[in-house]
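K.L.:
Here it is, the structure in full.
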Amino acid sequence: MTPTNARYAPEKHAKPKADGRLARGEATREKVLDAAERLFAEHGFEGVSIRDIAREAVVSLSVVGFHGGSKDDLFLTIFQRRAETLNRARSEALAELRARKGAALTRRDILEAYVLPYSRMAWSGDRQWAAYAKLIARIATDERWYPRVREFFDPIAQDFLAAMIAVDPDAPRDRLAMAFVVSVTAMLSVVSSNMRIATLSRALGAEAPTDPAWYNAVLIGFCEGGFENALRVSDGT
């Protein structure tokens with residue numbers, strides 16, 4: 001005898017209900033992470049408590065713990081989720097340039113593939129990416145965090161350095177590393193806030209730059225020149 005539809009109706013609807021709960025849970029988790037990201041960016045790691053995060057996300061303390069874990073866990077998860085998106089965009093940009101330019105690939109091309117995905121996301125108008133840019137600039141020179149976040153950033157950095165070595169096989173590796181780190185520091189500083197650039201420009205009698213393309217062009221040119229000079233100068237000069 002064929003079972004009736006009524007008997008199987010609950011099973012028929014079980015998956016959508018489960019999917020709905022999963023979707024709500026994921027949305028809550030993202031809300032917690034977004035709130036933590038904004039607060040850490042504004043006040044730093046030490047200036048934020050789990051209670052602050054719960055208040056910002058409009059959830060209970062237990063919800064923050066369930067979806068984010070400890071404050072340390074939340075902090076690291078924020079970097080991990082953005083790094084995954086950013087690293088993928090950078091890898092795709094570099095792969096596209098390699099496919100299009102082949103042996104004609106230049107160091108400037110490589111710098112653009114690294115810098116532009118980040119600046120475009122940070123300046124997209126998305127307040128979470130803007131908060132992330134401010135947050136990562138905060139910790140860039142804080143050696144307490146480097147051993148814990150290096151796994152998110154160093155592999156892609158090594159890929160880009162390998163691309164630069166392919167362009168210039170004789171380049172001193174230590175100078176490449178230094179030029180790369182200094183360039184990243186400049187990128188983080190400019191992208192997280194260009195208020196001082198605008199202020200000093202006005203003090204010099206110039207219009208305050210507002211076009212992201214202008215900042216990108218000057219930043220990449222600055223980094224390119226930094227690489228060229230770092231690889232050319234003699235030791236001790």
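Here, A, B, ... name the chains of the structure tokens in the order displayed, residue numbers run from 1 inside each chain, and ligands are numbered from 1 in the same displayed order.
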For Ser60 of chain A, list every protein, DNA or RNA residue within 12 Å, evaluated using only C-alpha atoms, and leave out those in the same chain fewer than 5 positions away; present the list as number ranges by chain.

P.N.:
A: 28, 32, 50-55, 65-67

K.L.:
Let me see the file: selected residues, all heavy atoms, as a PDB file, in the first residue's frame.

P.N.:
```
ATOM      1  N   THR A  28      23.524  35.488  12.235  1.00  0.00           N
ATOM      2  CA  THR A  28      23.852  35.958  13.580  1.00  0.00           C
ATOM      3  C   THR A  28      25.362  35.964  13.789  1.00  0.00           C
ATOM      4  O   THR A  28      25.926  36.902  14.365  1.00  0.00           O
ATOM      5  CB  THR A  28      23.181  35.068  14.638  1.00  0.00           C
ATOM      6  OG1 THR A  28      21.770  35.100  14.459  1.00  0.00           O
ATOM      7  CG2 THR A  28      23.515  35.547  16.046  1.00  0.00           C
ATOM      8  N   VAL A  32      27.735  39.189  14.733  1.00  0.00           N
ATOM      9  CA  VAL A  32      28.667  39.241  15.857  1.00  0.00           C
ATOM     10  C   VAL A  32      30.065  39.625  15.371  1.00  0.00           C
ATOM     11  O   VAL A  32      30.730  40.495  15.948  1.00  0.00           O
ATOM     12  CB  VAL A  32      28.703  37.885  16.598  1.00  0.00           C
ATOM     13  CG1 VAL A  32      29.878  37.820  17.569  1.00  0.00           C
ATOM     14  CG2 VAL A  32      27.386  37.647  17.331  1.00  0.00           C
ATOM     15  N   ILE A  50      33.798  41.587  25.630  1.00  0.00           N
ATOM     16  CA  ILE A  50      32.737  40.747  25.062  1.00  0.00           C
ATOM     17  C   ILE A  50      31.381  41.409  25.282  1.00  0.00           C
ATOM     18  O   ILE A  50      30.502  41.354  24.406  1.00  0.00           O
ATOM     19  CB  ILE A  50      32.764  39.340  25.692  1.00  0.00           C
ATOM     20  CG1 ILE A  50      34.022  38.583  25.257  1.00  0.00           C
ATOM     21  CG2 ILE A  50      31.521  38.548  25.284  1.00  0.00           C
ATOM     22  CD1 ILE A  50      34.083  38.252  23.788  1.00  0.00           C
ATOM     23  N   ARG A  51      31.211  42.047  26.417  1.00  0.00           N
ATOM     24  CA  ARG A  51      29.950  42.756  26.681  1.00  0.00           C
ATOM     25  C   ARG A  51      29.737  43.884  25.669  1.00  0.00           C
ATOM     26  O   ARG A  51      28.613  44.100  25.195  1.00  0.00           O
ATOM     27  CB  ARG A  51      29.950  43.306  28.107  1.00  0.00           C
ATOM     28  CG  ARG A  51      28.602  43.877  28.553  1.00  0.00           C
ATOM     29  CD  ARG A  51      28.622  44.270  30.017  1.00  0.00           C
ATOM     30  NE  ARG A  51      28.856  43.111  30.867  1.00  0.00           N
ATOM     31  CZ  ARG A  51      27.911  42.260  31.236  1.00  0.00           C
ATOM     32  NH1 ARG A  51      26.662  42.430  30.804  1.00  0.00           N
ATOM     33  NH2 ARG A  51      28.200  41.242  32.019  1.00  0.00           N
ATOM     34  N   ASP A  52      30.806  44.598  25.333  1.00  0.00           N
ATOM     35  CA  ASP A  52      30.701  45.656  24.319  1.00  0.00           C
ATOM     36  C   ASP A  52      30.250  45.077  22.975  1.00  0.00           C
ATOM     37  O   ASP A  52      29.416  45.668  22.280  1.00  0.00           O
ATOM     38  CB  ASP A  52      32.058  46.340  24.120  1.00  0.00           C
ATOM     39  CG  ASP A  52      32.521  47.119  25.337  1.00  0.00           C
ATOM     40  OD1 ASP A  52      31.662  47.623  26.090  1.00  0.00           O
ATOM     41  OD2 ASP A  52      33.754  47.217  25.528  1.00  0.00           O
ATOM     42  N   ILE A  53      30.823  43.942  22.619  1.00  0.00           N
ATOM     43  CA  ILE A  53      30.482  43.303  21.346  1.00  0.00           C
ATOM     44  C   ILE A  53      29.024  42.863  21.339  1.00  0.00           C
ATOM     45  O   ILE A  53      28.305  43.058  20.349  1.00  0.00           O
ATOM     46  CB  ILE A  53      31.425  42.114  21.072  1.00  0.00           C
ATOM     47  CG1 ILE A  53      32.859  42.619  20.885  1.00  0.00           C
ATOM     48  CG2 ILE A  53      30.969  41.328  19.843  1.00  0.00           C
ATOM     49  CD1 ILE A  53      33.913  41.532  20.894  1.00  0.00           C
ATOM     50  N   ALA A  54      28.575  42.276  22.446  1.00  0.00           N
ATOM     51  CA  ALA A  54      27.174  41.851  22.547  1.00  0.00           C
ATOM     52  C   ALA A  54      26.240  43.047  22.403  1.00  0.00           C
ATOM     53  O   ALA A  54      25.210  42.973  21.712  1.00  0.00           O
ATOM     54  CB  ALA A  54      26.947  41.146  23.884  1.00  0.00           C
ATOM     55  N   ARG A  55      26.603  44.153  23.043  1.00  0.00           N
ATOM     56  CA  ARG A  55      25.762  45.352  22.967  1.00  0.00           C
ATOM     57  C   ARG A  55      25.727  45.897  21.538  1.00  0.00           C
ATOM     58  O   ARG A  55      24.667  46.267  21.028  1.00  0.00           O
ATOM     59  CB  ARG A  55      26.307  46.420  23.922  1.00  0.00           C
ATOM     60  CG  ARG A  55      25.416  47.639  24.052  1.00  0.00           C
ATOM     61  CD  ARG A  55      26.027  48.681  24.986  1.00  0.00           C
ATOM     62  NE  ARG A  55      26.242  48.129  26.318  1.00  0.00           N
ATOM     63  CZ  ARG A  55      27.450  47.935  26.861  1.00  0.00           C
ATOM     64  NH1 ARG A  55      28.551  48.257  26.175  1.00  0.00           N
ATOM     65  NH2 ARG A  55      27.563  47.438  28.072  1.00  0.00           N
ATOM     66  N   GLY A  65      29.547  34.235  22.684  1.00  0.00           N
ATOM     67  CA  GLY A  65      30.409  33.099  22.986  1.00  0.00           C
ATOM     68  C   GLY A  65      30.154  31.920  22.073  1.00  0.00           C
ATOM     69  O   GLY A  65      31.096  31.258  21.613  1.00  0.00           O
ATOM     70  N   PHE A  66      28.899  31.669  21.758  1.00  0.00           N
ATOM     71  CA  PHE A  66      28.546  30.522  20.914  1.00  0.00           C
ATOM     72  C   PHE A  66      29.065  30.706  19.494  1.00  0.00           C
ATOM     73  O   PHE A  66      29.615  29.784  18.894  1.00  0.00           O
ATOM     74  CB  PHE A  66      27.026  30.338  20.885  1.00  0.00           C
ATOM     75  CG  PHE A  66      26.569  29.212  20.008  1.00  0.00           C
ATOM     76  CD1 PHE A  66      26.644  27.900  20.447  1.00  0.00           C
ATOM     77  CD2 PHE A  66      26.065  29.450  18.733  1.00  0.00           C
ATOM     78  CE1 PHE A  66      26.235  26.847  19.629  1.00  0.00           C
ATOM     79  CE2 PHE A  66      25.660  28.415  17.909  1.00  0.00           C
ATOM     80  CZ  PHE A  66      25.746  27.103  18.375  1.00  0.00           C
ATOM     81  N   HIS A  67      28.908  31.904  18.953  1.00  0.00           N
ATOM     82  CA  HIS A  67      29.275  32.129  17.557  1.00  0.00           C
ATOM     83  C   HIS A  67      30.712  32.605  17.377  1.00  0.00           C
ATOM     84  O   HIS A  67      31.283  32.436  16.292  1.00  0.00           O
ATOM     85  CB  HIS A  67      28.341  33.160  16.922  1.00  0.00           C
ATOM     86  CG  HIS A  67      26.968  32.625  16.652  1.00  0.00           C
ATOM     87  ND1 HIS A  67      26.711  31.720  15.653  1.00  0.00           N
ATOM     88  CD2 HIS A  67      25.777  32.864  17.266  1.00  0.00           C
ATOM     89  CE1 HIS A  67      25.422  31.430  15.646  1.00  0.00           C
ATOM     90  NE2 HIS A  67      24.837  32.104  16.611  1.00  0.00           N
TER      91      HIS A  67
END
```

K.L.:
Find the residues near Asn87 of chain A: any atom within 9 Å, counting only C-alpha atoms, skip ones fewer than 2 places away on the same chain, and give them as a compact mmCIF listing (two decimals) with all heavy atoms, in the first residue's frame.

P.N.:
```txt
# COMPACT_ATOMS: atom_id res chain seq x y z
N ARG A 82 38.46 37.87 6.31
CA ARG A 82 38.80 38.87 5.30
C ARG A 82 40.00 38.41 4.47
O ARG A 82 40.06 38.65 3.26
CB ARG A 82 39.12 40.20 5.96
CG ARG A 82 37.98 40.83 6.73
CD ARG A 82 36.88 41.33 5.85
NE ARG A 82 35.82 41.91 6.64
CZ ARG A 82 34.56 41.98 6.26
NH1 ARG A 82 34.20 41.50 5.08
NH2 ARG A 82 33.64 42.51 7.03
N ALA A 83 40.97 37.77 5.13
CA ALA A 83 42.16 37.33 4.41
C ALA A 83 41.81 36.33 3.33
O ALA A 83 42.38 36.35 2.23
CB ALA A 83 43.16 36.72 5.39
N GLU A 84 40.87 35.44 3.61
CA GLU A 84 40.48 34.45 2.60
C GLU A 84 39.92 35.12 1.35
O GLU A 84 40.28 34.76 0.22
CB GLU A 84 39.45 33.49 3.20
CG GLU A 84 40.04 32.54 4.24
CD GLU A 84 38.99 31.71 4.96
OE1 GLU A 84 37.78 32.00 4.79
OE2 GLU A 84 39.37 30.78 5.70
N THR A 85 39.04 36.11 1.55
CA THR A 85 38.47 36.84 0.42
C THR A 85 39.54 37.64 -0.32
O THR A 85 39.61 37.62 -1.56
CB THR A 85 37.36 37.79 0.92
OG1 THR A 85 36.34 37.03 1.57
CG2 THR A 85 36.75 38.58 -0.24
N ALA A 89 41.21 37.19 -4.20
CA ALA A 89 41.17 38.27 -5.19
C ALA A 89 42.57 38.60 -5.70
O ALA A 89 42.77 38.85 -6.90
CB ALA A 89 40.53 39.51 -4.58
N ARG A 90 43.55 38.59 -4.82
CA ARG A 90 44.92 38.87 -5.23
C ARG A 90 45.47 37.77 -6.13
O ARG A 90 46.13 38.05 -7.15
CB ARG A 90 45.80 39.04 -4.00
CG ARG A 90 45.63 40.39 -3.31
CD ARG A 90 46.35 40.45 -1.98
NE ARG A 90 46.45 41.83 -1.51
CZ ARG A 90 46.65 42.17 -0.25
NH1 ARG A 90 46.78 41.23 0.69
NH2 ARG A 90 46.73 43.44 0.10
N SER A 91 45.22 36.53 -5.77
CA SER A 91 45.69 35.41 -6.59
C SER A 91 45.07 35.45 -7.98
O SER A 91 45.76 35.21 -8.98
CB SER A 91 45.34 34.09 -5.90
OG SER A 91 46.10 33.92 -4.72
N GLU A 92 43.79 35.77 -8.04
CA GLU A 92 43.11 35.85 -9.34
C GLU A 92 43.67 37.00 -10.17
O GLU A 92 43.84 36.86 -11.39
CB GLU A 92 41.61 36.01 -9.12
CG GLU A 92 40.94 34.75 -8.56
CD GLU A 92 39.50 34.97 -8.16
OE1 GLU A 92 39.04 36.15 -8.22
OE2 GLU A 92 38.83 34.00 -7.78
N TYR A 114 48.66 43.16 -6.15
CA TYR A 114 48.62 43.03 -4.69
C TYR A 114 47.84 44.18 -4.05
O TYR A 114 47.02 43.97 -3.15
CB TYR A 114 50.04 43.00 -4.13
CG TYR A 114 50.08 42.62 -2.67
CD1 TYR A 114 50.13 41.27 -2.28
CD2 TYR A 114 50.07 43.58 -1.66
CE1 TYR A 114 50.15 40.92 -0.95
CE2 TYR A 114 50.09 43.23 -0.32
CZ TYR A 114 50.13 41.90 0.03
OH TYR A 114 50.15 41.55 1.36
N PRO A 117 43.34 45.04 -5.30
CA PRO A 117 42.20 44.34 -4.68
C PRO A 117 41.91 44.84 -3.27
O PRO A 117 40.74 44.98 -2.89
CB PRO A 117 42.65 42.87 -4.69
CG PRO A 117 43.58 42.78 -5.85
CD PRO A 117 44.33 44.08 -5.83
N PHE A 152 47.67 33.82 7.82
CA PHE A 152 46.66 34.39 6.94
C PHE A 152 47.27 35.25 5.84
O PHE A 152 46.64 35.45 4.79
CB PHE A 152 45.67 35.25 7.74
CG PHE A 152 45.06 34.57 8.91
CD1 PHE A 152 44.85 35.24 10.11
CD2 PHE A 152 44.69 33.23 8.85
CE1 PHE A 152 44.28 34.61 11.21
CE2 PHE A 152 44.11 32.59 9.94
CZ PHE A 152 43.91 33.28 11.13
N PHE A 153 48.46 35.79 6.07
CA PHE A 153 49.03 36.78 5.17
C PHE A 153 50.34 36.38 4.51
O PHE A 153 50.63 36.81 3.39
CB PHE A 153 49.23 38.10 5.93
CG PHE A 153 47.98 38.63 6.57
CD1 PHE A 153 47.82 38.61 7.94
CD2 PHE A 153 46.96 39.15 5.79
CE1 PHE A 153 46.66 39.09 8.53
CE2 PHE A 153 45.80 39.64 6.36
CZ PHE A 153 45.65 39.60 7.74
N ILE A 156 50.43 34.25 0.85
CA ILE A 156 50.17 35.04 -0.36
C ILE A 156 51.32 36.01 -0.61
O ILE A 156 51.70 36.28 -1.76
CB ILE A 156 48.82 35.79 -0.25
CG1 ILE A 156 48.40 36.37 -1.63
CG2 ILE A 156 48.87 36.89 0.78
CD1 ILE A 156 47.98 35.34 -2.61
```

K.L.:
So which residues touch Gly221 of chain A within 10 Å, counting only C-alpha atoms, skipping near sequence neighbours fewer than 5 positions away, as a list in words?

P.N.:
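The filter keeps Arg108, Leu111, Glu112, Tyr215, Asn216, Gly226 and Phe227 of chain A.
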
K.L.:
Give me the residues within 8 Å of Glu42 of chain A as a PyMOL selection string, counting only C-alpha atoms and dropping any in the same chain fewer than 6 places off.

P.N.:
chain A and resi 131+134-135

K.L.:
What's around Ser119 of chain A at 8 Å? Count only C-alpha atoms, leave out sequence neighbours fewer than 3 positions away in its own chain, and write the answer as a ChimeraX atom specification.

P.N.:
/A:115-116,122-123,191,216

K.L.:
I need the residues of segment 89-200 of chain A that end up classed as alpha helix (DSSP H) by DSSP on the backbone, written out as a ChimeraX atom specification.

P.N.:
/A:89-101,107-122,127-139,146-167,173-192,195-200

K.L.:
Fewer than 3 positions away in the same chain doesn't count, so skip those; otherwise give me all residues within 12 Å of segment 160-167 of chain A, counting only C-alpha atoms, as number ranges by chain.

P.N.:
A: 87, 90-95, 97-98, 102-115, 153-157, 170-181, 224, 227-228, 231
